[in-house]
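Listing of work_32.txt, compact mmCIF, C-alpha atoms
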```
# COMPACT_ATOMS: atom_id res chain seq x y z
CA MET A 1 -112.64 -111.79 -101.93
CA THR A 2 -114.19 -112.33 -98.53
CA SER A 3 -117.89 -112.69 -97.99
CA SER A 4 -118.34 -109.30 -96.31
CA THR A 5 -117.19 -107.48 -99.45
CA GLU A 6 -119.24 -109.42 -101.98
CA GLY A 7 -121.71 -107.14 -103.66
CA THR A 8 -119.86 -104.05 -102.46
CA ARG A 9 -121.60 -100.89 -103.59
CA GLU A 10 -120.13 -97.44 -103.90
CA GLY A 11 -119.50 -95.65 -100.64
CA SER A 12 -121.80 -92.92 -99.44
CA LEU A 13 -121.53 -89.55 -101.18
CA GLU A 14 -122.68 -87.78 -98.04
CA ALA A 15 -120.24 -85.98 -95.76
CA PRO A 16 -118.72 -88.25 -93.10
CA THR A 17 -120.41 -88.14 -89.72
CA ARG A 18 -118.81 -89.16 -86.46
CA HIS A 19 -120.66 -91.15 -83.84
CA PRO A 20 -119.85 -90.45 -80.17
CA LEU A 21 -117.28 -92.73 -78.60
CA ASP A 22 -119.23 -95.03 -76.27
CA TRP A 23 -116.27 -95.48 -73.95
CA THR A 24 -118.42 -95.88 -70.84
CA GLY A 25 -120.71 -98.48 -72.44
CA PRO A 26 -120.93 -102.01 -71.03
CA SER A 27 -119.19 -103.73 -73.96
CA PHE A 28 -116.49 -101.17 -74.77
CA TYR A 29 -113.78 -102.91 -72.72
CA ASP A 30 -115.01 -106.45 -73.44
CA GLU A 31 -112.20 -108.15 -75.38
CA ASP A 32 -114.44 -110.68 -77.14
CA SER A 33 -116.70 -107.88 -78.35
CA LEU A 34 -113.64 -105.90 -79.44
CA PHE A 35 -112.21 -108.75 -81.50
CA LYS A 36 -115.55 -109.38 -83.15
CA GLU A 37 -115.57 -105.79 -84.35
CA LEU A 38 -111.88 -105.93 -85.33
CA GLU A 39 -112.61 -108.97 -87.49
CA ARG A 40 -115.57 -107.25 -89.13
CA VAL A 41 -113.68 -104.07 -89.97
CA PHE A 42 -110.43 -105.78 -90.95
CA ASP A 43 -112.38 -107.97 -93.36
CA ILE A 44 -113.89 -104.88 -94.98
CA CYS A 45 -110.46 -103.23 -95.18
CA HIS A 46 -109.02 -106.37 -96.79
CA GLY A 47 -111.63 -106.24 -99.53
CA CYS A 48 -111.07 -102.54 -100.21
CA ARG A 49 -107.38 -101.69 -99.61
CA ARG A 50 -107.70 -98.01 -100.51
CA CYS A 51 -105.65 -97.10 -97.43
CA PHE A 52 -102.57 -99.11 -98.38
CA ASN A 53 -100.43 -95.98 -98.71
CA LEU A 54 -101.34 -94.26 -95.44
CA CYS A 55 -99.89 -95.36 -92.08
CA HIS A 56 -98.20 -98.72 -91.48
CA SER A 57 -101.32 -100.29 -89.94
CA PHE A 58 -102.76 -101.18 -93.31
CA PRO A 59 -99.63 -102.74 -94.87
CA THR A 60 -99.22 -104.72 -91.64
CA LEU A 61 -102.75 -106.08 -91.98
CA PHE A 62 -102.63 -106.70 -95.73
CA ASP A 63 -99.20 -108.38 -95.64
CA ALA A 64 -100.33 -110.67 -92.83
CA ILE A 65 -103.38 -111.70 -94.87
CA ASP A 66 -101.41 -112.20 -98.09
CA GLU A 67 -98.77 -114.27 -96.33
CA SER A 68 -101.29 -116.47 -94.49
CA ASP A 69 -102.23 -119.99 -95.62
CA THR A 70 -105.75 -118.97 -96.60
CA MET A 71 -104.87 -115.50 -97.90
CA GLU A 72 -107.94 -114.34 -96.00
CA LEU A 73 -108.39 -112.79 -92.57
CA ASP A 74 -109.22 -116.15 -91.02
CA GLY A 75 -105.61 -117.19 -91.63
CA VAL A 76 -104.19 -114.33 -89.52
CA ALA A 77 -103.32 -114.94 -85.87
CA ARG A 78 -104.96 -112.62 -83.36
CA GLU A 79 -101.55 -111.52 -82.11
CA VAL A 80 -101.07 -109.72 -85.43
CA TYR A 81 -104.17 -107.64 -84.72
CA TRP A 82 -102.23 -105.91 -81.96
CA ASP A 83 -99.45 -105.08 -84.43
CA VAL A 84 -102.05 -103.32 -86.57
CA VAL A 85 -103.23 -101.40 -83.51
CA ASP A 86 -99.67 -100.40 -82.57
CA HIS A 87 -99.08 -98.76 -85.94
CA CYS A 88 -102.22 -96.62 -85.81
CA TYR A 89 -101.45 -93.20 -84.38
CA LEU A 90 -104.97 -91.78 -84.80
CA CYS A 91 -104.13 -89.31 -87.58
CA ASP A 92 -107.72 -89.79 -88.85
CA MET A 93 -106.68 -89.57 -92.50
CA CYS A 94 -108.24 -92.93 -93.39
CA TYR A 95 -111.56 -91.76 -91.98
CA MET A 96 -111.47 -88.30 -93.53
CA THR A 97 -109.90 -88.88 -96.94
CA LYS A 98 -109.95 -92.53 -97.98
CA CYS A 99 -112.58 -94.81 -96.49
CA PRO A 100 -115.85 -95.07 -98.48
CA TYR A 101 -117.57 -96.95 -95.65
CA VAL A 102 -117.58 -94.36 -92.88
CA PRO A 103 -120.96 -93.30 -91.42
CA PRO A 104 -123.57 -92.67 -92.73
CA HIS A 105 -122.66 -95.77 -94.79
CA GLU A 106 -124.43 -98.79 -93.35
CA TRP A 107 -121.14 -100.59 -92.68
CA ASN A 108 -120.26 -97.87 -90.17
CA VAL A 109 -116.47 -98.16 -90.34
CA ASP A 110 -114.54 -95.88 -87.99
CA PHE A 111 -111.05 -97.38 -88.11
CA PRO A 112 -109.30 -94.79 -85.91
CA HIS A 113 -111.82 -95.05 -83.08
CA LEU A 114 -111.75 -98.83 -83.30
CA MET A 115 -107.98 -98.67 -82.87
CA LEU A 116 -108.52 -96.27 -79.97
CA ARG A 117 -110.89 -98.77 -78.39
CA ALA A 118 -108.27 -101.51 -78.75
CA LYS A 119 -105.63 -99.29 -77.17
CA ALA A 120 -108.04 -98.53 -74.32
CA VAL A 121 -108.73 -102.24 -73.74
CA ARG A 122 -105.02 -102.98 -73.62
CA PHE A 123 -104.36 -100.06 -71.27
CA LYS A 124 -107.19 -101.13 -68.97
CA LYS A 125 -105.60 -104.57 -68.75
CA GLY A 126 -102.30 -102.99 -67.63
CA LYS A 127 -100.44 -103.92 -70.81
CA ALA A 128 -99.20 -100.46 -71.83
CA ARG A 129 -95.39 -100.20 -71.82
CA ALA A 130 -93.74 -98.16 -69.08
CA ARG A 131 -91.93 -96.15 -71.75
CA ASP A 132 -95.21 -95.11 -73.34
CA ARG A 133 -96.69 -94.15 -69.98
CA ILE A 134 -93.69 -91.96 -69.27
CA LEU A 135 -93.44 -90.30 -72.68
CA THR A 136 -97.15 -89.44 -72.72
CA SER A 137 -96.91 -87.81 -69.29
CA THR A 138 -95.91 -84.57 -70.97
CA ASP A 139 -96.62 -82.19 -68.11
CA THR A 140 -94.69 -84.27 -65.59
CA VAL A 141 -91.72 -84.81 -67.90
CA GLY A 142 -91.72 -81.14 -68.90
CA LYS A 143 -91.74 -79.93 -65.29
CA LEU A 144 -88.95 -82.30 -64.22
CA ALA A 145 -86.79 -81.78 -67.30
CA GLY A 146 -87.27 -78.01 -67.09
CA ILE A 147 -85.87 -77.59 -63.59
CA PRO A 148 -82.94 -75.11 -63.73
CA VAL A 149 -79.57 -76.88 -63.97
CA VAL A 150 -81.40 -80.15 -64.64
CA VAL A 151 -82.57 -78.75 -67.98
CA GLN A 152 -79.00 -78.27 -69.18
CA MET A 153 -78.14 -81.85 -68.26
CA VAL A 154 -81.25 -83.20 -69.98
CA ASN A 155 -80.66 -81.27 -73.19
CA ALA A 156 -76.96 -82.17 -73.26
CA THR A 157 -77.76 -85.85 -72.70
CA ASN A 158 -80.35 -85.85 -75.47
CA LYS A 159 -77.79 -84.39 -77.89
CA SER A 160 -74.91 -86.76 -77.06
CA SER A 161 -74.42 -90.15 -78.69
CA LEU A 162 -73.65 -91.73 -75.32
CA GLY A 163 -76.78 -90.23 -73.78
CA ARG A 164 -78.92 -91.42 -76.66
CA LYS A 165 -77.54 -94.94 -76.34
CA ALA A 166 -78.47 -94.89 -72.67
CA LEU A 167 -81.95 -93.59 -73.50
CA ASP A 168 -82.34 -96.33 -76.08
CA SER A 169 -81.29 -98.94 -73.54
CA LEU A 170 -83.54 -97.64 -70.77
CA LEU A 171 -86.66 -96.58 -72.66
CA ALA A 172 -86.25 -97.95 -76.21
CA VAL A 173 -86.15 -94.43 -77.65
CA HIS A 174 -84.49 -94.58 -81.06
CA PRO A 175 -81.08 -92.85 -81.01
CA ASP A 176 -81.70 -91.16 -84.37
CA ALA A 177 -85.05 -89.65 -83.47
CA ILE A 178 -85.06 -85.90 -82.83
CA ILE A 179 -86.04 -85.08 -79.26
CA PRO A 180 -87.12 -81.50 -78.59
CA GLU A 181 -85.25 -79.31 -76.15
CA TYR A 182 -86.71 -78.41 -72.76
CA HIS A 183 -86.81 -74.93 -71.28
CA SER A 184 -86.79 -73.83 -67.67
CA LYS A 185 -88.16 -70.45 -68.72
CA THR A 186 -91.45 -71.78 -70.03
CA LEU A 187 -93.99 -69.91 -72.13
CA ARG A 188 -96.19 -69.44 -69.08
CA LYS A 189 -93.23 -67.81 -67.29
CA ARG A 190 -92.51 -65.60 -70.28
CA ILE A 191 -96.14 -64.48 -70.61
CA GLY A 192 -97.93 -63.94 -67.32
CA ALA A 193 -101.26 -65.71 -66.86
CA GLY A 194 -104.19 -63.34 -66.67
CA GLU A 195 -102.25 -60.52 -68.34
CA ALA A 196 -103.52 -59.04 -71.59
CA SER A 197 -102.61 -56.23 -73.93
CA VAL A 198 -104.64 -53.08 -73.47
CA ALA A 199 -106.05 -52.77 -77.01
CA PRO A 200 -109.85 -52.88 -77.02
CA ALA A 201 -111.45 -56.00 -78.47
CA VAL A 202 -113.10 -55.53 -81.86
CA PRO A 203 -115.53 -58.39 -82.67
CA ALA A 204 -115.83 -59.65 -86.24
CA GLY A 205 -118.10 -62.43 -87.43
CA PRO A 206 -117.77 -65.36 -85.02
CA THR A 207 -114.71 -63.87 -83.30
CA ALA A 208 -114.87 -61.76 -80.15
CA GLY A 209 -111.61 -60.01 -80.98
CA LYS A 210 -109.69 -61.10 -77.89
CA VAL A 211 -108.09 -64.50 -77.32
CA VAL A 212 -106.92 -66.85 -74.63
CA LEU A 213 -103.71 -68.61 -75.65
CA PHE A 214 -103.87 -72.26 -74.62
CA ALA A 215 -100.11 -72.70 -74.31
CA THR A 216 -100.09 -76.52 -74.73
CA CYS A 217 -97.52 -78.67 -72.97
CA TYR A 218 -95.27 -78.73 -76.04
CA GLY A 219 -95.55 -74.99 -76.58
CA ASN A 220 -94.96 -74.35 -72.90
CA TYR A 221 -91.97 -76.60 -72.21
CA ASN A 222 -90.37 -77.35 -75.58
CA GLU A 223 -90.82 -74.47 -78.03
CA PRO A 224 -92.07 -71.42 -76.11
CA ALA A 225 -90.89 -69.15 -78.92
CA ILE A 226 -93.87 -70.31 -81.03
CA GLY A 227 -96.28 -68.99 -78.42
CA GLN A 228 -94.33 -65.74 -78.25
CA ASP A 229 -94.58 -65.43 -82.04
CA LEU A 230 -98.34 -65.95 -81.80
CA VAL A 231 -98.68 -63.24 -79.18
CA ALA A 232 -96.59 -60.81 -81.23
CA VAL A 233 -98.65 -61.42 -84.38
CA PHE A 234 -102.00 -61.16 -82.62
CA GLN A 235 -101.05 -58.03 -80.70
CA HIS A 236 -99.77 -56.47 -83.91
CA ASN A 237 -103.31 -57.03 -85.22
CA ASP A 238 -104.74 -55.28 -82.13
CA ILE A 239 -106.07 -58.54 -80.69
CA PRO A 240 -105.65 -58.71 -76.89
CA VAL A 241 -104.04 -61.97 -75.74
CA THR A 242 -104.03 -63.57 -72.32
CA LEU A 243 -103.21 -66.97 -70.85
CA ALA A 244 -105.58 -69.19 -68.92
CA ARG A 245 -104.92 -68.84 -65.21
CA LYS A 246 -103.94 -72.50 -65.16
CA GLU A 247 -103.90 -75.34 -67.65
CA GLN A 248 -102.53 -78.82 -68.15
CA CYS A 249 -102.03 -81.11 -71.14
CA CYS A 250 -105.10 -81.27 -73.39
CA GLY A 251 -105.09 -85.07 -73.09
CA MET A 252 -104.16 -86.02 -76.66
CA PRO A 253 -101.03 -88.02 -75.68
CA LYS A 254 -103.06 -90.04 -73.17
CA LEU A 255 -105.82 -90.52 -75.75
CA GLU A 256 -103.30 -92.05 -78.14
CA LEU A 257 -102.12 -94.31 -75.32
CA GLY A 258 -105.69 -95.45 -74.62
CA ASN A 259 -105.77 -94.00 -71.11
CA LEU A 260 -109.25 -92.53 -71.34
CA ASP A 261 -109.54 -91.94 -67.61
CA ALA A 262 -106.54 -89.60 -67.86
CA VAL A 263 -108.28 -87.81 -70.74
CA LYS A 264 -111.30 -87.32 -68.49
CA ALA A 265 -109.04 -85.95 -65.76
CA ALA A 266 -107.55 -83.46 -68.24
CA ARG A 267 -111.04 -82.41 -69.26
CA ASP A 268 -112.03 -81.93 -65.63
CA ALA A 269 -109.00 -79.70 -65.08
CA ASN A 270 -109.09 -77.62 -68.26
CA ILE A 271 -112.72 -77.16 -69.26
CA PRO A 272 -113.83 -75.20 -66.15
CA GLU A 273 -110.89 -72.80 -66.48
CA LEU A 274 -111.42 -72.26 -70.20
CA LEU A 275 -115.17 -71.91 -69.76
CA LYS A 276 -114.70 -69.07 -67.26
CA LEU A 277 -112.80 -67.16 -69.92
CA VAL A 278 -115.34 -67.99 -72.61
CA ASP A 279 -118.03 -66.61 -70.29
CA GLU A 280 -115.95 -63.43 -70.03
CA GLY A 281 -116.07 -63.06 -73.80
CA TRP A 282 -112.72 -64.57 -74.80
CA ASP A 283 -112.01 -66.81 -77.78
CA ILE A 284 -109.38 -69.56 -77.48
CA VAL A 285 -106.44 -70.33 -79.77
CA ALA A 286 -103.69 -72.95 -79.53
CA PRO A 287 -100.56 -73.18 -81.71
CA ILE A 288 -100.54 -77.01 -81.91
CA PRO A 289 -103.16 -78.56 -84.24
CA SER A 290 -103.54 -81.72 -82.12
CA CYS A 291 -104.59 -79.66 -79.10
CA VAL A 292 -107.17 -77.72 -81.09
CA LEU A 293 -108.48 -81.00 -82.51
CA MET A 294 -108.75 -82.43 -79.00
CA TYR A 295 -111.21 -79.70 -78.03
CA LYS A 296 -112.94 -79.52 -81.40
CA GLN A 297 -113.47 -83.23 -81.96
CA GLU A 298 -112.23 -85.82 -79.50
CA LEU A 299 -113.56 -84.41 -76.22
CA PRO A 300 -116.98 -83.64 -77.75
CA LEU A 301 -117.14 -87.22 -79.05
CA MET A 302 -116.18 -88.63 -75.66
CA PHE A 303 -118.58 -86.34 -73.79
CA PRO A 304 -121.42 -85.66 -76.25
CA ASP A 305 -123.85 -84.56 -73.54
CA ASP A 306 -121.46 -82.15 -71.80
CA ALA A 307 -122.65 -78.62 -72.59
CA ASP A 308 -119.46 -77.10 -71.18
CA VAL A 309 -117.29 -79.16 -73.55
CA ALA A 310 -119.52 -78.07 -76.43
CA ARG A 311 -119.15 -74.40 -75.52
CA VAL A 312 -115.36 -74.65 -75.42
CA ARG A 313 -115.46 -76.55 -78.74
CA ASP A 314 -117.33 -73.66 -80.32
CA ALA A 315 -114.91 -71.07 -78.93
CA ILE A 316 -111.56 -72.61 -79.92
CA PHE A 317 -109.76 -71.81 -83.18
CA ASP A 318 -106.61 -72.65 -85.06
CA PRO A 319 -104.53 -69.42 -85.08
CA PHE A 320 -104.57 -69.05 -88.86
CA GLU A 321 -108.27 -69.90 -89.00
CA TYR A 322 -108.81 -67.06 -86.53
CA LEU A 323 -106.68 -64.57 -88.41
CA MET A 324 -108.31 -65.38 -91.75
CA LEU A 325 -111.74 -64.86 -90.18
CA ARG A 326 -110.52 -61.42 -89.16
CA HIS A 327 -109.21 -60.86 -92.67
CA LYS A 328 -112.63 -61.72 -94.10
CA HIS A 329 -114.03 -58.79 -92.14
CA GLY A 330 -111.24 -56.38 -93.09
CA LEU A 331 -109.45 -56.48 -89.73
CA LEU A 332 -106.20 -58.26 -90.59
CA LYS A 333 -103.22 -55.99 -91.04
CA THR A 334 -101.34 -56.67 -94.26
CA ASP A 335 -98.49 -54.25 -93.65
CA PHE A 336 -95.89 -56.89 -94.39
CA GLY A 337 -92.40 -55.50 -94.61
CA VAL A 338 -90.47 -58.67 -95.45
CA SER A 339 -91.07 -61.03 -98.38
CA LEU A 340 -90.44 -64.70 -97.70
CA GLY A 341 -89.95 -66.10 -101.19
CA LYS A 342 -90.86 -69.75 -101.65
CA ILE A 343 -92.17 -71.77 -98.67
CA ALA A 344 -92.53 -75.56 -98.65
CA TYR A 345 -95.51 -76.02 -96.36
CA HIS A 346 -96.42 -79.37 -94.79
CA VAL A 347 -100.13 -79.54 -93.93
CA ALA A 348 -100.40 -81.39 -90.61
CA CYS A 349 -102.88 -84.30 -90.48
CA HIS A 350 -104.60 -83.03 -87.32
CA LEU A 351 -105.08 -79.70 -89.07
CA ARG A 352 -106.56 -81.30 -92.18
CA VAL A 353 -109.03 -83.24 -90.03
CA GLN A 354 -110.49 -79.95 -88.78
CA ASN A 355 -111.92 -79.27 -92.27
CA ILE A 356 -111.13 -75.55 -92.18
CA GLY A 357 -109.19 -75.43 -95.43
CA MET A 358 -105.60 -74.27 -95.87
CA LYS A 359 -105.86 -71.08 -93.86
CA THR A 360 -102.12 -71.07 -93.13
CA ARG A 361 -101.29 -71.20 -96.82
CA ASP A 362 -103.92 -68.58 -97.64
CA LEU A 363 -102.55 -66.11 -95.09
CA LEU A 364 -98.88 -66.61 -95.95
CA GLN A 365 -99.71 -66.04 -99.62
CA LEU A 366 -100.95 -62.56 -98.73
CA ILE A 367 -97.30 -61.65 -98.13
CA PRO A 368 -95.86 -59.93 -101.24
CA ASP A 369 -93.45 -61.97 -103.37
CA THR A 370 -94.21 -65.10 -101.34
CA SER A 371 -95.42 -68.41 -102.72
CA VAL A 372 -96.48 -71.44 -100.71
CA ILE A 373 -96.19 -75.03 -101.91
CA PRO A 374 -98.54 -77.21 -99.80
CA ILE A 375 -97.59 -80.83 -99.09
CA GLU A 376 -100.58 -82.93 -98.06
CA ARG A 377 -98.89 -86.09 -96.82
CA CYS A 378 -98.42 -87.45 -93.32
CA SER A 379 -95.05 -86.85 -91.70
CA GLY A 380 -95.30 -90.09 -89.74
CA HIS A 381 -94.34 -88.43 -86.46
CA ASP A 382 -97.42 -88.24 -84.29
CA GLY A 383 -96.25 -87.60 -80.77
CA ILE A 384 -94.22 -90.53 -79.52
CA TYR A 385 -94.59 -92.87 -82.53
CA ALA A 386 -91.50 -91.59 -84.34
CA VAL A 387 -89.26 -91.76 -81.27
CA LYS A 388 -90.03 -95.40 -80.44
CA ARG A 389 -87.17 -97.74 -81.29
CA GLU A 390 -89.49 -100.16 -83.10
CA CYS A 391 -91.32 -97.47 -85.08
CA HIS A 392 -88.77 -94.81 -85.97
CA ASP A 393 -87.54 -96.29 -89.25
CA ILE A 394 -91.13 -96.89 -90.35
CA SER A 395 -92.05 -93.30 -89.44
CA MET A 396 -89.19 -91.99 -91.56
CA LYS A 397 -90.37 -94.15 -94.47
CA ILE A 398 -93.84 -92.63 -94.14
CA CYS A 399 -92.25 -89.17 -94.12
CA ARG A 400 -90.08 -89.80 -97.18
CA PRO A 401 -92.56 -88.36 -99.74
CA VAL A 402 -92.79 -85.19 -97.63
CA ILE A 403 -89.01 -84.94 -97.38
CA ASN A 404 -88.66 -85.46 -101.13
CA SER A 405 -91.25 -82.76 -101.81
CA VAL A 406 -89.38 -80.31 -99.59
CA LYS A 407 -86.13 -81.09 -101.38
CA LYS A 408 -87.76 -80.71 -104.78
CA ALA A 409 -89.25 -77.34 -103.83
CA GLU A 410 -85.81 -75.82 -103.18
CA ALA A 411 -87.62 -73.30 -101.01
CA ALA A 412 -86.21 -70.57 -98.84
CA HIS A 413 -88.20 -71.93 -95.90
CA TYR A 414 -90.01 -75.12 -94.96
CA SER A 415 -92.70 -75.20 -92.34
CA SER A 416 -95.47 -77.17 -90.66
CA ASP A 417 -98.22 -76.13 -88.25
CA CYS A 418 -97.13 -79.18 -86.24
CA PRO A 419 -93.63 -78.40 -84.92
CA MET A 420 -92.92 -82.08 -84.29
CA ALA A 421 -93.68 -82.83 -87.94
CA GLY A 422 -91.30 -80.04 -88.86
CA HIS A 423 -88.49 -81.70 -86.93
CA GLN A 424 -89.34 -85.07 -88.47
CA ILE A 425 -88.77 -83.49 -91.88
CA GLU A 426 -85.56 -81.92 -90.57
CA ASN A 427 -84.38 -85.37 -89.54
CA GLY A 428 -84.86 -86.68 -93.06
CA LEU A 429 -83.36 -83.69 -94.84
CA ASP A 430 -80.13 -84.01 -92.87
CA SER A 431 -79.02 -80.66 -94.32
CA GLY A 432 -78.78 -78.53 -91.20
CA MET A 433 -81.70 -76.40 -92.39
CA ALA A 434 -84.21 -76.09 -89.55
CA PRO A 435 -88.00 -75.83 -89.87
CA GLU A 436 -89.74 -72.55 -89.08
CA HIS A 437 -93.25 -72.55 -87.70
CA PRO A 438 -95.80 -70.62 -89.80
CA LEU A 439 -96.35 -68.21 -86.90
CA THR A 440 -92.61 -67.56 -86.86
CA LEU A 441 -92.68 -66.88 -90.60
CA LEU A 442 -95.66 -64.57 -90.22
CA ARG A 443 -93.93 -62.61 -87.47
CA MET A 444 -90.86 -62.39 -89.69
CA ALA A 445 -92.97 -61.02 -92.55
CA TYR A 446 -94.43 -58.34 -90.29
CA GLY A 447 -90.90 -57.39 -89.28
CA LEU A 448 -91.71 -57.78 -85.59
```

Encoded form (C-alpha cells):
Amino acid sequence: MTSSTEGTREGSLEAPTRHPLDWTGPSFYDEDSLFKELERVFDICHGCRRCFNLCHSFPTLFDAIDESDTMELDGVAREVYWDVVDHCYLCDMCYMTKCPYVPPHEWNVDFPHLMLRAKAVRFKKGKARARDRILTSTDTVGKLAGIPVVVQMVNATNKSSLGRKALDSLLAVHPDAIIPEYHSKTLRKRIGAGEASVAPAVPAGPTAGKVVLFATCYGNYNEPAIGQDLVAVFQHNDIPVTLARKEQCCGMPKLELGNLDAVKAARDANIPELLKLVDEGWDIVAPIPSCVLMYKQELPLMFPDDADVARVRDAIFDPFEYLMLRHKHGLLKTDFGVSLGKIAYHVACHLRVQNIGMKTRDLLQLIPDTSVIPIERCSGHDGIYAVKRECHDISMKICRPVINSVKKAEAAHYSSDCPMAGHQIENGLDSGMAPEHPLTLLRMAYGL
C-alpha cells in the first residue's frame, strides 16, 4: 500500500460538499500543478479501489498500476494518466455514491472535477480532437442537419451501413452506435416561443404554478416529441407552459470537452433570458437531466458569486420533481385512464446526482395497476462517449448490467429520463423494442 493511504481512517459521515471550481485561478491550467494533483488523487484511489465497478477510468488506472514494475503509481507512465481522463465522462457517481474522501474529508478528493480540470488543460493546449469539437457543437450540428431536404439525407446516411462506414472513417464514430434522428420541424417550431396556455397559475409550495420549458438542444433537434409530451402533461394539470424567447445549448457537452470558455458563453446567452422569465414569476423545467444539472450544479460551481446564476439554479426543476411537488400540495391530477403494467426504469446518473429522490418512479407508481422496477446503474452513454469508435464497446460493457436487468424484468415498457441512455439500452437489447421516455408514458397513462 502506498504511503498516502497508510493509516487510512474511515471517510467522513457528513454529507458531501462541493467546492467551487477555481477555473480562473492562476494554477488551474498549469500542467505541472495538474499532474501533482493527479498523482495525489490517483494514489488515494489506488489505496481504496471502491470505484472499480463504475466507469472505465478506474479499471484503466488500477490495471496500469498492477501491470507496472513497481505495482505502485510511480511505475505508471504519465501518458496513461490521459487514458484515465479520457474514460471519465463526469457522471459524478464516484463523488456522490462511492468515494469516502470527498469534502469535508481532509483529503478533499473530487475526482470528476479533477478530470474536468485535466480536460480543460488539454483543450486549452489545442489537443482536443476535431471529432469531439464537432460532436459537442450540438446547436450548430442540429441546425445544419435539420435543414429541410438535408435532414432526410442525414437521417438516411446515419441509418445505412455505407453511411456509417463513411462516418467511422471521417470522424471515428462507431458504426454500431445509435445516432439520434434530426428534425427540421424542431420543438421550438412546434411550440411557439412566448406562447402559453391560458389557465391561471396556481402556486404551491416552492412552485409558482407556471413553467418555462427549456427545450434543450437534444429535445429541440432530436426528440421534440418528448417536449410535446411534457407540455401535454403539464397543461393537463392546468400548469401554463411557455418557451424562452431564445435559448442555446446549456453548455454540458462543452463542459465535458473541457471548453470552459464555451460554457461561459452559453451562460452569458441563456442566463439573462431565463432570468427575465424568473422575474416574471415563471419556474423552469427541462426534460433532459444533464441540462437541469448544468443549471443546478455545474454553473453555480463555476460562477459561485453570480447572483443571477444562483437565482436560475433555485428556479429550475426536473419535470417529475415539479409534478411531485404539486402532488404534495394536492394539485396533481390522478385521473389516469390507462394502466401501464410493469415498467423497467433506468435512473439516469445526472438525475441521481441532483439528490431529489426517485420522483419519476414515485409518480408513475400512482398509475393504477402499474409497477416500476428502478435500475440504478450507469448506462455508459454520456453524450458522445458511447459513439466514439474507441469507447463504444467499453460503453456497452458498462451498460450490460442495465440491459440484463431490463431483460430480466420482462416489462411492458422500459424507460429512462435520459433519452440517450434509453437508446443505449435499446442498442444492447437488440430486440426491436424501443425505449419510451417517462413523460411519454405519463401522457399515455393520462390518455392524452

Contacts of Ala310 of chain A at 9 Å (only C-alpha atoms; same-chain gap of 3+ positions) as a PyMOL selection string: chain A and resi 295-296+299-300+303-307+313-315

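Around Val353 of chain A, within 10 Å and counting all atoms listed in the file, the residues found are Cys91, Asp92, Met93, Tyr95, Met96, Thr97, Pro289, Ser290, Leu293, Gln297, Ala348, Cys349, His350, Ile356 and Gly357 of chain A, once anything fewer than 3 positions away on its own chain is removed.
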
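When only C-alpha atoms are used to compute distances to Lys159 of chain A, the closest of the residues A:Ile179, A:Leu429, A:Ala64, A:Val85 turns out to be A:Ile179.
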
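For Cys399 of chain A, the set of protein, DNA and RNA residues having any atom at most 9 Å away, when counting only C-alpha atoms and skipping those fewer than 6 positions along the same chain, is Arg377, Cys378, Ser379, Gly380, His381, Ala421, Gln424, Ile425 and Gly428 of chain A.
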
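Neighbours of Phe234 of chain A closer than or equal to 12 Å, with all atoms listed in the file counted and sequence neighbours fewer than 6 positions away skipped, come out as Ala196, Ser197, Ala199, Ala201, Gly209, Lys210, Val211, Val212, Leu213, Gly227, Gln228, Pro240, Val241, Thr242, Val285, Pro319, Phe320, Tyr322, Leu323, Met324, Arg326, Leu331, Leu332, Lys333, Leu439, Leu442, Arg443, Tyr446 and Leu448 of chain A.
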
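The space between atom CA of Ala262 of chain A and atom CA of Ser184 of chain A spans 25.3 Å.
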
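Across the structure, atom CA of Glu376 of chain A and atom CA of Val347 of chain A are spaced 5.4 Å apart.
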
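Computed from the coordinates, the atom CA of His183 of chain A to atom CA of Gly146 of chain A distance equals 5.2 Å.
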
Test item: residues at most 12 Å from Val151 of chain A, all atoms listed in the file, excluding those fewer than 4 positions along its chain, as a PyMOL selection string: chain A and resi 141-147+155-158+180-186+221-222

Please define a box with edges along x, y and z of the file around all atoms of segment 52-61 of chain A given in the file, extend it by 4 Å on each side, and return its centre and edge lengths in Å to one decimal, as JSON.
```
{"center_x": -100.5, "center_y": -100.2, "center_z": -94.3, "size_x": 12.6, "size_y": 19.8, "size_z": 16.8}
```

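Of the listed residues (A:Leu364, A:Asp382, A:Lys388, A:Arg50), A:Lys388 comes nearest to Asp168 of chain A; the distances count all atoms listed in the file.
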
Counting only C-alpha atoms, the option among A:Pro287, A:Gly341, A:Pro368, A:Pro253 closest to Glu410 of chain A: A:Gly341

Selected residue of minimal separation from Val312 of chain A among A:Leu21, A:Met153, A:Ile384, A:Val292, counting all atoms listed in the file: A:Val292

Residues within 9 Å of (-110.4, -97.8, -76.5), counting all atoms listed in the file, listed as an MDAnalysis selection string: chainID A and resid 21 23 28:29 113:124 255 258:260

Counting all atoms listed in the file, the option among A:Glu256, A:Asp362, A:Glu321, A:Glu39 closest to Glu298 of chain A: A:Glu256

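Nearest to Phe58 of chain A of all the residues A:Tyr345, A:Phe111, A:Tyr414, A:Phe35 is A:Phe111, based on all atoms listed in the file.
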
Your completed segment 309-314 of chain A with N, CA and C atoms, as a CSV table (one decimal), keeping the file's coordinate frame:
```csv
chain,number,residue,atom,x,y,z
A,309,VAL,N,-118.2,-78.7,-72.5
A,309,VAL,CA,-117.3,-79.2,-73.6
A,309,VAL,C,-117.7,-78.6,-74.9
A,310,ALA,N,-119.0,-78.6,-75.2
A,310,ALA,CA,-119.5,-78.1,-76.4
A,310,ALA,C,-119.3,-76.6,-76.6
A,311,ARG,N,-119.4,-75.8,-75.5
A,311,ARG,CA,-119.2,-74.4,-75.5
A,311,ARG,C,-117.7,-74.1,-75.8
A,312,VAL,N,-116.8,-74.8,-75.2
A,312,VAL,CA,-115.4,-74.6,-75.4
A,312,VAL,C,-115.0,-75.0,-76.9
A,313,ARG,N,-115.6,-76.1,-77.3
A,313,ARG,CA,-115.5,-76.6,-78.7
A,313,ARG,C,-115.8,-75.4,-79.7
A,314,ASP,N,-116.9,-74.7,-79.4
A,314,ASP,CA,-117.3,-73.7,-80.3
A,314,ASP,C,-116.5,-72.4,-80.2
```
